[in-house]
Every structure is written in C-alpha cells, then in structure tokens.
$ cat data13.txt   # compact mmCIF, N, CA and C atoms
# COMPACT_ATOMS: atom_id res chain seq x y z
N MET A 1 47.67 3.81 -24.07
CA MET A 1 46.89 3.22 -23.00
C MET A 1 46.99 4.10 -21.74
N SER A 2 45.85 4.18 -21.03
CA SER A 2 45.80 4.97 -19.80
C SER A 2 45.26 4.11 -18.67
N ILE A 3 45.47 4.56 -17.44
CA ILE A 3 44.99 3.85 -16.26
C ILE A 3 43.85 4.66 -15.64
N CYS A 4 42.74 3.98 -15.36
CA CYS A 4 41.56 4.61 -14.76
C CYS A 4 41.90 5.05 -13.33
N LYS A 5 41.52 6.29 -12.98
CA LYS A 5 41.81 6.83 -11.65
C LYS A 5 40.98 6.16 -10.55
N PHE A 6 39.83 5.54 -10.95
CA PHE A 6 38.96 4.96 -9.92
C PHE A 6 39.23 3.47 -9.73
N CYS A 7 39.15 2.71 -10.82
CA CYS A 7 39.27 1.26 -10.68
C CYS A 7 40.67 0.73 -10.98
N GLY A 8 41.51 1.55 -11.60
CA GLY A 8 42.87 1.11 -11.90
C GLY A 8 42.98 0.26 -13.15
N GLY A 9 41.90 0.12 -13.89
CA GLY A 9 41.92 -0.69 -15.12
C GLY A 9 42.54 0.07 -16.28
N LEU A 10 43.01 -0.68 -17.26
CA LEU A 10 43.58 -0.08 -18.47
C LEU A 10 42.47 0.22 -19.46
N PHE A 11 42.60 1.35 -20.16
CA PHE A 11 41.60 1.70 -21.17
C PHE A 11 42.25 2.54 -22.25
N GLU A 12 41.65 2.56 -23.42
CA GLU A 12 42.11 3.37 -24.54
C GLU A 12 41.39 4.72 -24.45
N PRO A 13 42.12 5.83 -24.33
CA PRO A 13 41.45 7.13 -24.23
C PRO A 13 40.69 7.48 -25.49
N ASN A 14 39.65 8.24 -25.32
CA ASN A 14 38.81 8.70 -26.42
C ASN A 14 39.62 9.63 -27.31
N LYS A 15 39.48 9.48 -28.64
CA LYS A 15 40.27 10.32 -29.54
C LYS A 15 39.85 11.79 -29.47
N PHE A 16 38.62 12.06 -29.03
CA PHE A 16 38.16 13.44 -28.90
C PHE A 16 38.56 14.05 -27.56
N ASN A 17 38.88 13.20 -26.58
CA ASN A 17 39.27 13.66 -25.25
C ASN A 17 40.49 12.86 -24.79
N PRO A 18 41.67 13.21 -25.28
CA PRO A 18 42.86 12.42 -24.95
C PRO A 18 43.26 12.50 -23.47
N SER A 19 42.76 13.50 -22.74
CA SER A 19 43.10 13.62 -21.31
C SER A 19 42.07 12.93 -20.41
N GLN A 20 41.34 11.99 -20.96
CA GLN A 20 40.31 11.24 -20.22
C GLN A 20 40.94 10.51 -19.03
N LYS A 21 40.28 10.58 -17.84
CA LYS A 21 40.85 10.02 -16.62
C LYS A 21 40.17 8.73 -16.16
N TYR A 22 38.96 8.47 -16.68
CA TYR A 22 38.19 7.31 -16.21
C TYR A 22 37.84 6.42 -17.39
N CYS A 23 37.74 5.13 -17.13
CA CYS A 23 37.48 4.17 -18.21
C CYS A 23 36.02 4.17 -18.64
N SER A 24 35.11 4.60 -17.76
CA SER A 24 33.68 4.59 -18.10
C SER A 24 32.95 5.67 -17.31
N LYS A 25 31.69 5.91 -17.70
CA LYS A 25 30.86 6.87 -16.96
C LYS A 25 30.60 6.38 -15.55
N LYS A 26 30.49 5.05 -15.41
CA LYS A 26 30.24 4.47 -14.10
C LYS A 26 31.39 4.78 -13.14
N CYS A 27 32.64 4.61 -13.61
CA CYS A 27 33.79 4.92 -12.77
C CYS A 27 33.84 6.41 -12.43
N LYS A 28 33.49 7.26 -13.39
CA LYS A 28 33.50 8.70 -13.16
C LYS A 28 32.47 9.08 -12.10
N SER A 29 31.25 8.53 -12.20
CA SER A 29 30.20 8.86 -11.23
C SER A 29 30.51 8.26 -9.86
N ASN A 30 31.10 7.04 -9.82
CA ASN A 30 31.47 6.45 -8.53
C ASN A 30 32.57 7.26 -7.86
N SER A 31 33.50 7.79 -8.66
CA SER A 31 34.56 8.62 -8.13
C SER A 31 33.98 9.90 -7.51
N TRP A 32 33.03 10.50 -8.22
CA TRP A 32 32.38 11.71 -7.70
C TRP A 32 31.62 11.39 -6.41
N ALA A 33 30.91 10.24 -6.40
CA ALA A 33 30.13 9.86 -5.22
C ALA A 33 31.03 9.63 -4.02
N LYS A 34 32.20 9.04 -4.26
CA LYS A 34 33.12 8.79 -3.16
C LYS A 34 33.69 10.10 -2.61
N ALA A 35 33.89 11.08 -3.49
CA ALA A 35 34.44 12.37 -3.07
C ALA A 35 33.39 13.28 -2.44
N ASN A 36 32.09 13.05 -2.73
CA ASN A 36 31.02 13.93 -2.25
C ASN A 36 29.90 13.14 -1.55
N PRO A 37 30.18 12.47 -0.44
CA PRO A 37 29.15 11.63 0.19
C PRO A 37 27.94 12.41 0.71
N LYS A 38 28.16 13.66 1.17
CA LYS A 38 27.03 14.45 1.69
C LYS A 38 26.05 14.80 0.58
N LYS A 39 26.58 15.16 -0.59
CA LYS A 39 25.72 15.47 -1.72
C LYS A 39 24.96 14.23 -2.19
N VAL A 40 25.64 13.08 -2.16
CA VAL A 40 24.99 11.83 -2.56
C VAL A 40 23.83 11.52 -1.63
N ARG A 41 24.06 11.66 -0.32
CA ARG A 41 22.99 11.41 0.65
C ARG A 41 21.82 12.36 0.45
N ALA A 42 22.13 13.64 0.20
CA ALA A 42 21.07 14.63 0.00
C ALA A 42 20.27 14.31 -1.27
N ASN A 43 20.97 13.95 -2.34
CA ASN A 43 20.29 13.61 -3.59
C ASN A 43 19.44 12.35 -3.43
N THR A 44 19.99 11.36 -2.74
CA THR A 44 19.26 10.11 -2.52
C THR A 44 18.02 10.37 -1.67
N LYS A 45 18.18 11.16 -0.63
CA LYS A 45 17.05 11.48 0.24
C LYS A 45 15.96 12.21 -0.54
N ARG A 46 16.36 13.18 -1.37
CA ARG A 46 15.40 13.93 -2.19
C ARG A 46 14.69 13.00 -3.17
N TRP A 47 15.47 12.10 -3.80
CA TRP A 47 14.88 11.17 -4.77
C TRP A 47 13.91 10.22 -4.08
N ASN A 48 14.31 9.69 -2.91
CA ASN A 48 13.43 8.78 -2.17
C ASN A 48 12.14 9.47 -1.74
N GLN A 49 12.24 10.72 -1.30
CA GLN A 49 11.05 11.47 -0.89
C GLN A 49 10.12 11.69 -2.07
N LYS A 50 10.70 11.99 -3.22
CA LYS A 50 9.90 12.19 -4.43
C LYS A 50 9.17 10.89 -4.80
N ARG A 51 9.88 9.77 -4.78
CA ARG A 51 9.27 8.48 -5.11
C ARG A 51 8.19 8.12 -4.08
N TYR A 52 8.44 8.39 -2.80
CA TYR A 52 7.46 8.12 -1.75
C TYR A 52 6.19 8.92 -2.00
N ASN A 53 6.35 10.20 -2.32
CA ASN A 53 5.18 11.05 -2.59
C ASN A 53 4.41 10.56 -3.82
N GLN A 54 5.12 10.09 -4.84
CA GLN A 54 4.45 9.56 -6.03
C GLN A 54 3.65 8.31 -5.68
N ARG A 55 4.28 7.38 -4.90
CA ARG A 55 3.57 6.15 -4.51
C ARG A 55 2.35 6.48 -3.65
N LEU A 56 2.51 7.45 -2.75
CA LEU A 56 1.41 7.84 -1.88
C LEU A 56 0.26 8.42 -2.69
N THR A 57 0.57 9.23 -3.68
CA THR A 57 -0.46 9.80 -4.54
C THR A 57 -1.19 8.71 -5.30
N ILE A 58 -0.45 7.74 -5.81
CA ILE A 58 -1.07 6.62 -6.55
C ILE A 58 -1.96 5.81 -5.61
N GLN A 59 -1.48 5.53 -4.39
CA GLN A 59 -2.27 4.76 -3.44
C GLN A 59 -3.55 5.49 -3.04
N LYS A 60 -3.45 6.81 -2.83
CA LYS A 60 -4.64 7.58 -2.47
C LYS A 60 -5.66 7.53 -3.59
N ARG A 61 -5.19 7.71 -4.82
CA ARG A 61 -6.10 7.67 -5.96
C ARG A 61 -6.76 6.30 -6.08
N LEU A 62 -5.96 5.23 -5.93
CA LEU A 62 -6.50 3.88 -6.00
C LEU A 62 -7.49 3.62 -4.87
N TYR A 63 -7.19 4.12 -3.66
CA TYR A 63 -8.08 3.95 -2.52
C TYR A 63 -9.46 4.55 -2.81
N TYR A 64 -9.48 5.79 -3.27
CA TYR A 64 -10.77 6.46 -3.50
C TYR A 64 -11.51 5.87 -4.70
N GLN A 65 -10.77 5.42 -5.72
CA GLN A 65 -11.42 4.77 -6.86
C GLN A 65 -12.08 3.47 -6.42
N ASN A 66 -11.35 2.65 -5.67
CA ASN A 66 -11.90 1.37 -5.22
C ASN A 66 -13.02 1.56 -4.22
N LYS A 67 -12.92 2.59 -3.40
CA LYS A 67 -13.99 2.87 -2.44
C LYS A 67 -15.29 3.20 -3.18
N GLN A 68 -15.18 4.02 -4.23
CA GLN A 68 -16.36 4.37 -5.03
C GLN A 68 -16.88 3.16 -5.79
N ARG A 69 -15.98 2.34 -6.33
CA ARG A 69 -16.40 1.12 -7.04
C ARG A 69 -17.13 0.17 -6.10
N ALA A 70 -16.62 0.06 -4.87
CA ALA A 70 -17.27 -0.82 -3.89
C ALA A 70 -18.66 -0.32 -3.56
N LEU A 71 -18.81 0.98 -3.44
CA LEU A 71 -20.12 1.56 -3.15
C LEU A 71 -21.08 1.32 -4.32
N ASP A 72 -20.59 1.45 -5.55
CA ASP A 72 -21.42 1.17 -6.72
C ASP A 72 -21.75 -0.32 -6.83
N TYR A 73 -20.79 -1.17 -6.46
CA TYR A 73 -20.95 -2.62 -6.58
C TYR A 73 -21.93 -3.17 -5.55
N LYS A 74 -21.78 -2.76 -4.29
CA LYS A 74 -22.62 -3.31 -3.22
C LYS A 74 -23.82 -2.43 -2.87
N GLY A 75 -23.78 -1.14 -3.22
CA GLY A 75 -24.88 -0.25 -2.87
C GLY A 75 -24.70 0.31 -1.47
N GLY A 76 -25.75 0.96 -0.98
CA GLY A 76 -25.70 1.59 0.34
C GLY A 76 -25.98 0.59 1.46
N CYS A 77 -26.33 1.12 2.60
CA CYS A 77 -26.60 0.31 3.79
C CYS A 77 -27.73 -0.68 3.52
N CYS A 78 -27.55 -1.92 3.95
CA CYS A 78 -28.56 -2.95 3.70
C CYS A 78 -29.80 -2.74 4.57
N ARG A 79 -29.72 -1.91 5.60
CA ARG A 79 -30.87 -1.68 6.48
C ARG A 79 -31.58 -0.37 6.19
N CYS A 80 -30.81 0.72 6.01
CA CYS A 80 -31.47 2.02 5.83
C CYS A 80 -31.24 2.63 4.45
N GLY A 81 -30.31 2.07 3.64
CA GLY A 81 -30.07 2.57 2.29
C GLY A 81 -29.12 3.76 2.22
N SER A 82 -28.62 4.23 3.35
CA SER A 82 -27.72 5.38 3.38
C SER A 82 -26.40 5.03 2.68
N LYS A 83 -25.81 6.04 2.02
CA LYS A 83 -24.52 5.82 1.37
C LYS A 83 -23.41 6.58 2.10
N ASP A 84 -23.71 7.09 3.28
CA ASP A 84 -22.71 7.81 4.08
C ASP A 84 -22.09 6.88 5.10
N SER A 85 -20.80 7.01 5.30
CA SER A 85 -20.00 6.24 6.27
C SER A 85 -20.36 4.74 6.25
N ILE A 86 -20.11 4.12 5.10
CA ILE A 86 -20.41 2.69 4.93
C ILE A 86 -19.29 1.84 5.53
N VAL A 87 -19.69 0.81 6.25
CA VAL A 87 -18.79 -0.20 6.81
C VAL A 87 -19.19 -1.53 6.20
N TYR A 88 -18.21 -2.34 5.84
CA TYR A 88 -18.50 -3.64 5.24
C TYR A 88 -18.36 -4.71 6.31
N HIS A 89 -19.49 -5.33 6.65
CA HIS A 89 -19.53 -6.32 7.73
C HIS A 89 -19.40 -7.72 7.14
N HIS A 90 -18.44 -8.48 7.65
CA HIS A 90 -18.25 -9.86 7.19
C HIS A 90 -19.32 -10.74 7.83
N LEU A 91 -20.00 -11.52 6.99
CA LEU A 91 -21.02 -12.43 7.50
C LEU A 91 -20.37 -13.57 8.28
N ASN A 92 -19.23 -14.04 7.81
CA ASN A 92 -18.49 -15.08 8.51
C ASN A 92 -17.07 -14.56 8.78
N PRO A 93 -16.79 -14.10 9.99
CA PRO A 93 -15.48 -13.51 10.27
C PRO A 93 -14.33 -14.51 10.18
N ASN A 94 -14.63 -15.80 10.22
CA ASN A 94 -13.57 -16.81 10.11
C ASN A 94 -12.99 -16.88 8.70
N LYS A 95 -13.77 -16.47 7.69
CA LYS A 95 -13.31 -16.47 6.31
C LYS A 95 -12.76 -15.11 5.88
N LYS A 96 -12.65 -14.22 6.83
CA LYS A 96 -12.22 -12.84 6.56
C LYS A 96 -10.71 -12.82 6.29
N LEU A 97 -10.33 -12.25 5.14
CA LEU A 97 -8.92 -12.09 4.82
C LEU A 97 -8.33 -10.95 5.64
N CYS A 98 -8.94 -9.78 5.57
CA CYS A 98 -8.59 -8.64 6.41
C CYS A 98 -9.69 -7.59 6.26
N ASN A 99 -9.53 -6.48 6.91
CA ASN A 99 -10.52 -5.42 6.87
C ASN A 99 -10.65 -4.88 5.44
N VAL A 100 -11.87 -4.71 4.95
CA VAL A 100 -12.09 -4.31 3.56
C VAL A 100 -11.50 -2.94 3.26
N THR A 101 -11.60 -2.00 4.19
CA THR A 101 -11.09 -0.66 3.90
C THR A 101 -9.58 -0.67 3.73
N SER A 102 -8.87 -1.60 4.35
CA SER A 102 -7.42 -1.68 4.12
C SER A 102 -7.12 -2.34 2.79
N LEU A 103 -8.10 -3.01 2.19
CA LEU A 103 -7.91 -3.65 0.88
C LEU A 103 -8.10 -2.67 -0.27
N PHE A 104 -8.64 -1.50 -0.02
CA PHE A 104 -8.93 -0.58 -1.11
C PHE A 104 -7.69 -0.15 -1.89
N VAL A 105 -6.50 -0.33 -1.34
CA VAL A 105 -5.29 0.01 -2.08
C VAL A 105 -4.79 -1.16 -2.92
N TRP A 106 -5.50 -2.29 -2.89
CA TRP A 106 -5.15 -3.45 -3.70
C TRP A 106 -5.85 -3.35 -5.04
N LYS A 107 -5.61 -4.34 -5.89
CA LYS A 107 -6.29 -4.39 -7.19
C LYS A 107 -7.76 -4.72 -6.97
N TRP A 108 -8.60 -4.26 -7.89
CA TRP A 108 -10.04 -4.39 -7.74
C TRP A 108 -10.48 -5.85 -7.64
N GLY A 109 -9.82 -6.76 -8.33
CA GLY A 109 -10.21 -8.17 -8.28
C GLY A 109 -10.18 -8.73 -6.86
N LYS A 110 -9.12 -8.42 -6.10
CA LYS A 110 -9.01 -8.90 -4.72
C LYS A 110 -10.03 -8.22 -3.82
N VAL A 111 -10.26 -6.94 -4.06
CA VAL A 111 -11.24 -6.21 -3.27
C VAL A 111 -12.63 -6.81 -3.49
N LYS A 112 -12.95 -7.12 -4.75
CA LYS A 112 -14.26 -7.66 -5.09
C LYS A 112 -14.50 -9.02 -4.44
N VAL A 113 -13.46 -9.86 -4.41
CA VAL A 113 -13.58 -11.18 -3.77
C VAL A 113 -13.91 -11.00 -2.29
N GLU A 114 -13.25 -10.06 -1.63
CA GLU A 114 -13.51 -9.84 -0.21
C GLU A 114 -14.88 -9.19 0.02
N LEU A 115 -15.30 -8.32 -0.91
CA LEU A 115 -16.61 -7.67 -0.79
C LEU A 115 -17.75 -8.69 -0.91
N ASP A 116 -17.53 -9.76 -1.68
CA ASP A 116 -18.57 -10.77 -1.83
C ASP A 116 -18.86 -11.50 -0.52
N LYS A 117 -17.95 -11.42 0.44
CA LYS A 117 -18.15 -12.04 1.75
C LYS A 117 -18.83 -11.09 2.74
N CYS A 118 -19.14 -9.87 2.30
CA CYS A 118 -19.60 -8.82 3.22
C CYS A 118 -20.98 -8.29 2.85
N ILE A 119 -21.58 -7.59 3.83
CA ILE A 119 -22.78 -6.80 3.57
C ILE A 119 -22.47 -5.36 3.96
N PRO A 120 -22.94 -4.40 3.15
CA PRO A 120 -22.68 -3.00 3.49
C PRO A 120 -23.66 -2.51 4.56
N MET A 121 -23.14 -1.81 5.54
CA MET A 121 -23.98 -1.23 6.59
C MET A 121 -23.45 0.15 6.93
N CYS A 122 -24.37 1.07 7.28
CA CYS A 122 -23.90 2.37 7.74
C CYS A 122 -23.31 2.17 9.14
N ASP A 123 -22.49 3.09 9.55
CA ASP A 123 -21.75 2.96 10.80
C ASP A 123 -22.69 2.81 12.00
N ASN A 124 -23.80 3.53 12.02
CA ASN A 124 -24.74 3.46 13.15
C ASN A 124 -25.35 2.06 13.29
N TRP A 125 -25.86 1.51 12.18
CA TRP A 125 -26.46 0.18 12.24
C TRP A 125 -25.42 -0.88 12.56
N HIS A 126 -24.21 -0.72 12.03
CA HIS A 126 -23.16 -1.71 12.28
C HIS A 126 -22.80 -1.75 13.76
N ARG A 127 -22.68 -0.58 14.40
CA ARG A 127 -22.37 -0.55 15.83
C ARG A 127 -23.47 -1.19 16.65
N SER A 128 -24.73 -0.89 16.33
CA SER A 128 -25.83 -1.47 17.11
C SER A 128 -25.90 -2.98 16.91
N MET A 129 -25.63 -3.47 15.68
CA MET A 129 -25.66 -4.90 15.42
C MET A 129 -24.53 -5.62 16.16
N GLU A 130 -23.32 -5.04 16.15
CA GLU A 130 -22.18 -5.64 16.86
C GLU A 130 -22.46 -5.71 18.36
N LEU A 131 -23.09 -4.67 18.90
CA LEU A 131 -23.43 -4.65 20.32
C LEU A 131 -24.42 -5.77 20.66
N GLU A 132 -25.45 -5.93 19.81
CA GLU A 132 -26.43 -7.00 20.02
C GLU A 132 -25.76 -8.37 19.94
N LEU A 133 -24.85 -8.55 18.98
CA LEU A 133 -24.14 -9.83 18.86
C LEU A 133 -23.32 -10.14 20.11
N ARG A 134 -22.63 -9.13 20.62
CA ARG A 134 -21.81 -9.37 21.82
C ARG A 134 -22.66 -9.73 23.02
N HIS A 135 -23.83 -9.08 23.17
CA HIS A 135 -24.73 -9.43 24.27
C HIS A 135 -25.25 -10.86 24.09
N LEU A 136 -25.59 -11.22 22.89
CA LEU A 136 -26.08 -12.57 22.61
C LEU A 136 -25.00 -13.61 22.93
N ILE A 137 -23.76 -13.33 22.57
CA ILE A 137 -22.66 -14.26 22.83
C ILE A 137 -22.45 -14.43 24.34
N LYS A 138 -22.53 -13.33 25.08
CA LYS A 138 -22.39 -13.42 26.54
C LYS A 138 -23.48 -14.31 27.14
N LYS A 139 -24.72 -14.15 26.65
CA LYS A 139 -25.82 -14.98 27.16
C LYS A 139 -25.59 -16.45 26.84
N LEU A 140 -25.14 -16.72 25.62
CA LEU A 140 -24.89 -18.12 25.22
C LEU A 140 -23.76 -18.73 26.04
N LYS A 141 -22.72 -17.96 26.32
CA LYS A 141 -21.61 -18.49 27.13
C LYS A 141 -22.05 -18.80 28.55
N LYS A 142 -22.99 -17.98 29.09
CA LYS A 142 -23.50 -18.25 30.44
C LYS A 142 -24.28 -19.55 30.48
N LYS A 143 -24.95 -19.88 29.35
CA LYS A 143 -25.74 -21.10 29.29
C LYS A 143 -24.88 -22.33 28.95
N GLY A 144 -23.59 -22.11 28.69
CA GLY A 144 -22.72 -23.25 28.44
C GLY A 144 -22.32 -23.45 26.99
N TYR A 145 -22.87 -22.67 26.08
CA TYR A 145 -22.49 -22.78 24.67
C TYR A 145 -21.20 -21.99 24.45
N ASN A 146 -20.42 -22.41 23.46
CA ASN A 146 -19.18 -21.71 23.16
C ASN A 146 -19.19 -21.27 21.70
N PRO A 147 -19.80 -20.13 21.38
CA PRO A 147 -19.84 -19.66 19.99
C PRO A 147 -18.44 -19.22 19.53
N THR A 148 -18.18 -19.39 18.22
CA THR A 148 -16.84 -19.07 17.70
C THR A 148 -16.85 -17.75 16.94
N TYR A 149 -17.66 -16.79 17.38
CA TYR A 149 -17.69 -15.48 16.73
C TYR A 149 -16.90 -14.51 17.57
N LYS A 150 -15.83 -13.99 17.05
CA LYS A 150 -14.93 -13.02 17.71
C LYS A 150 -14.68 -13.41 19.13
$ encode --input "data13.txt" --output "structure tokens"
Amino acid sequence: MSICKFCGGLFEPNKFNPSQKYCSKKCKSNSWAKANPKKVRANTKRWNQKRYNQRLTIQKRLYYQNKQRALDYKGGCCRCGSKDSIVYHHLNPNKKLCNVTSLFVWKWGKVKVELDKCIPMCDNWHRSMELELRHLIKKLKKKGYNPTYK
C-alpha cells in the first residue's frame, strides 16, 4: 500500500509502475496544476479564447444564414422592392419582442415568429416613414390625443 502525494489517500500501486506516487490521474493533474499556476492560467486563457472564437464563428454564420432566409421569406422593400439595406419595421411596436436584426443569431423558428409581425422596408423609406409618424404624433398630442406609439 502507498500514500498519494496529493490527497493523502491509500492506494495499491500499479504492478507495471511500482514507484507510482498518485492514486489517480486526477490527483496527478491537480498536483501539477497546483505546482504550475501560471501555466494553468495561460492554458485556460488560450482554451477560452479558442472556444470564444469558435462560438463567434458559429454566431456569424448563423446571423448571415438567418439574414438571407429572412430576405427570402419576406422579400425586398414593401415600397420600392429593393433588397439592399433592409430594415424590418414592426407594425405594432407594443408586441415587439426585440429588434429583428439582433434575433438573427437565434434559431430560425423564433426569428420567423418575429418577422411575421414586421414589414420589410429599405432604410431610406423606413427613415422617411418614421419621420412622418413622429410629426403626426406631435400634431395629435397638440390636439389633446395621447397616441401610444413610441
């Protein structure tokens, strides 16, 4: 019987390695980690960076796939037909979950549900429509009405 150098537990040494110092691989690796904290931090940092880059790559791919699917699903601008710089305008902002472009990294089912609440517009038409709506709301507020749009 031998005593583990890390945890102090009793263990039967391996017949192929009678000078074994640790009871398990876990104790051996923990002993190394305790003796080399700088290397552990460097390895952990490298591993985390690699995983972060992998997740980022997956999210970018999902974003562009869903963006293209949304364009195929809803089509181009509802006013001019352009497919450049499309913005999805919510018809009822009170039922809006969040901005559609931030949803593109989600699963397609959730994106599709949110797209059903929207109309596609090119950026130019969307800006002019929002400006007209804001002017209309100001006029209504002056007359005493209180619209609940933005």
$ atom_distance --input "data13.txt" --atom1 "atom N of Phe104 (chain A)" --atom2 "CA of Arg79 (chain A)"
23.2 Å
$ residues_near_point --input "data13.txt" --point "(-12.8, -11.0, -2.9)" --cutoff "12 Å" --atoms "only C-alpha atoms" --output "CSV table (one decimal) with N, CA and C atoms, keeping the file's coordinate frame"
chain,number,residue,atom,x,y,z
A,70,ALA,N,-16.6,0.1,-4.9
A,70,ALA,CA,-17.3,-0.8,-3.9
A,70,ALA,C,-18.7,-0.3,-3.6
A,90,HIS,N,-18.4,-8.5,7.6
A,90,HIS,CA,-18.2,-9.9,7.2
A,90,HIS,C,-19.3,-10.7,7.8
A,95,LYS,N,-13.8,-16.5,7.7
A,95,LYS,CA,-13.3,-16.5,6.3
A,95,LYS,C,-12.8,-15.1,5.9
A,96,LYS,N,-12.6,-14.2,6.8
A,96,LYS,CA,-12.2,-12.8,6.6
A,96,LYS,C,-10.7,-12.8,6.3
A,97,LEU,N,-10.3,-12.2,5.1
A,97,LEU,CA,-8.9,-12.1,4.8
A,97,LEU,C,-8.3,-11.0,5.6
A,98,CYS,N,-8.9,-9.8,5.6
A,98,CYS,CA,-8.6,-8.6,6.4
A,98,CYS,C,-9.7,-7.6,6.3
A,99,ASN,N,-9.5,-6.5,6.9
A,99,ASN,CA,-10.5,-5.4,6.9
A,99,ASN,C,-10.6,-4.9,5.4
A,100,VAL,N,-11.9,-4.7,5.0
A,100,VAL,CA,-12.1,-4.3,3.6
A,100,VAL,C,-11.5,-2.9,3.3
A,103,LEU,N,-8.1,-3.0,2.2
A,103,LEU,CA,-7.9,-3.6,0.9
A,103,LEU,C,-8.1,-2.7,-0.3
A,104,PHE,N,-8.6,-1.5,0.0
A,104,PHE,CA,-8.9,-0.6,-1.1
A,104,PHE,C,-7.7,-0.2,-1.9
A,106,TRP,N,-5.5,-2.3,-2.9
A,106,TRP,CA,-5.2,-3.4,-3.7
A,106,TRP,C,-5.8,-3.4,-5.0
A,107,LYS,N,-5.6,-4.3,-5.9
A,107,LYS,CA,-6.3,-4.4,-7.2
A,107,LYS,C,-7.8,-4.7,-7.0
A,108,TRP,N,-8.6,-4.3,-7.9
A,108,TRP,CA,-10.0,-4.4,-7.7
A,108,TRP,C,-10.5,-5.8,-7.6
A,109,GLY,N,-9.8,-6.8,-8.3
A,109,GLY,CA,-10.2,-8.2,-8.3
A,109,GLY,C,-10.2,-8.7,-6.9
A,110,LYS,N,-9.1,-8.4,-6.1
A,110,LYS,CA,-9.0,-8.9,-4.7
A,110,LYS,C,-10.0,-8.2,-3.8
A,111,VAL,N,-10.3,-6.9,-4.1
A,111,VAL,CA,-11.2,-6.2,-3.3
A,111,VAL,C,-12.6,-6.8,-3.5
A,112,LYS,N,-13.0,-7.1,-4.8
A,112,LYS,CA,-14.3,-7.7,-5.1
A,112,LYS,C,-14.5,-9.0,-4.4
A,113,VAL,N,-13.5,-9.9,-4.4
A,113,VAL,CA,-13.6,-11.2,-3.8
A,113,VAL,C,-13.9,-11.0,-2.3
A,114,GLU,N,-13.2,-10.1,-1.6
A,114,GLU,CA,-13.5,-9.8,-0.2
A,114,GLU,C,-14.9,-9.2,0.0
A,115,LEU,N,-15.3,-8.3,-0.9
A,115,LEU,CA,-16.6,-7.7,-0.8
A,115,LEU,C,-17.8,-8.7,-0.9
A,116,ASP,N,-17.5,-9.8,-1.7
A,116,ASP,CA,-18.6,-10.8,-1.8
A,116,ASP,C,-18.9,-11.5,-0.5
A,117,LYS,N,-18.0,-11.4,0.4
A,117,LYS,CA,-18.2,-12.0,1.8
A,117,LYS,C,-18.8,-11.1,2.7
A,118,CYS,N,-19.1,-9.9,2.3
A,118,CYS,CA,-19.6,-8.8,3.2
A,118,CYS,C,-21.0,-8.3,2.8
$ closest_residue --input "data13.txt" --among "A:Ile3, A:Val105, A:Leu10, A:Cys122" --to "Gln59 (chain A)" --atoms "all atoms listed in the file"
A:Val105
$ atom_distance --input "data13.txt" --atom1 "CA of His89 (chain A)" --atom2 "atom C of Asn66 (chain A)"
15.7 Å
$ residues_around --input "data13.txt" --residues "region 20-30 of chain A" --least-positions-apart "5" --cutoff "6 Å" --atoms "only N, CA and C atoms" --output "list in words"
Ile3, Cys4, Lys5, Phe6, Phe11, Pro13, Asn14 and Ala35 of chain A
$ atom_distance --input "data13.txt" --atom1 "atom N of Leu91 (chain A)" --atom2 "atom N of Pro120 (chain A)"
8.6 Å
$ select_by_dssp --input "data13.txt" --residues "chain A" --states "helix (DSSP H, G or I)" --output "ChimeraX atom specification"
/A:25-35,37-74,93-95,100-103,108-115,123-142
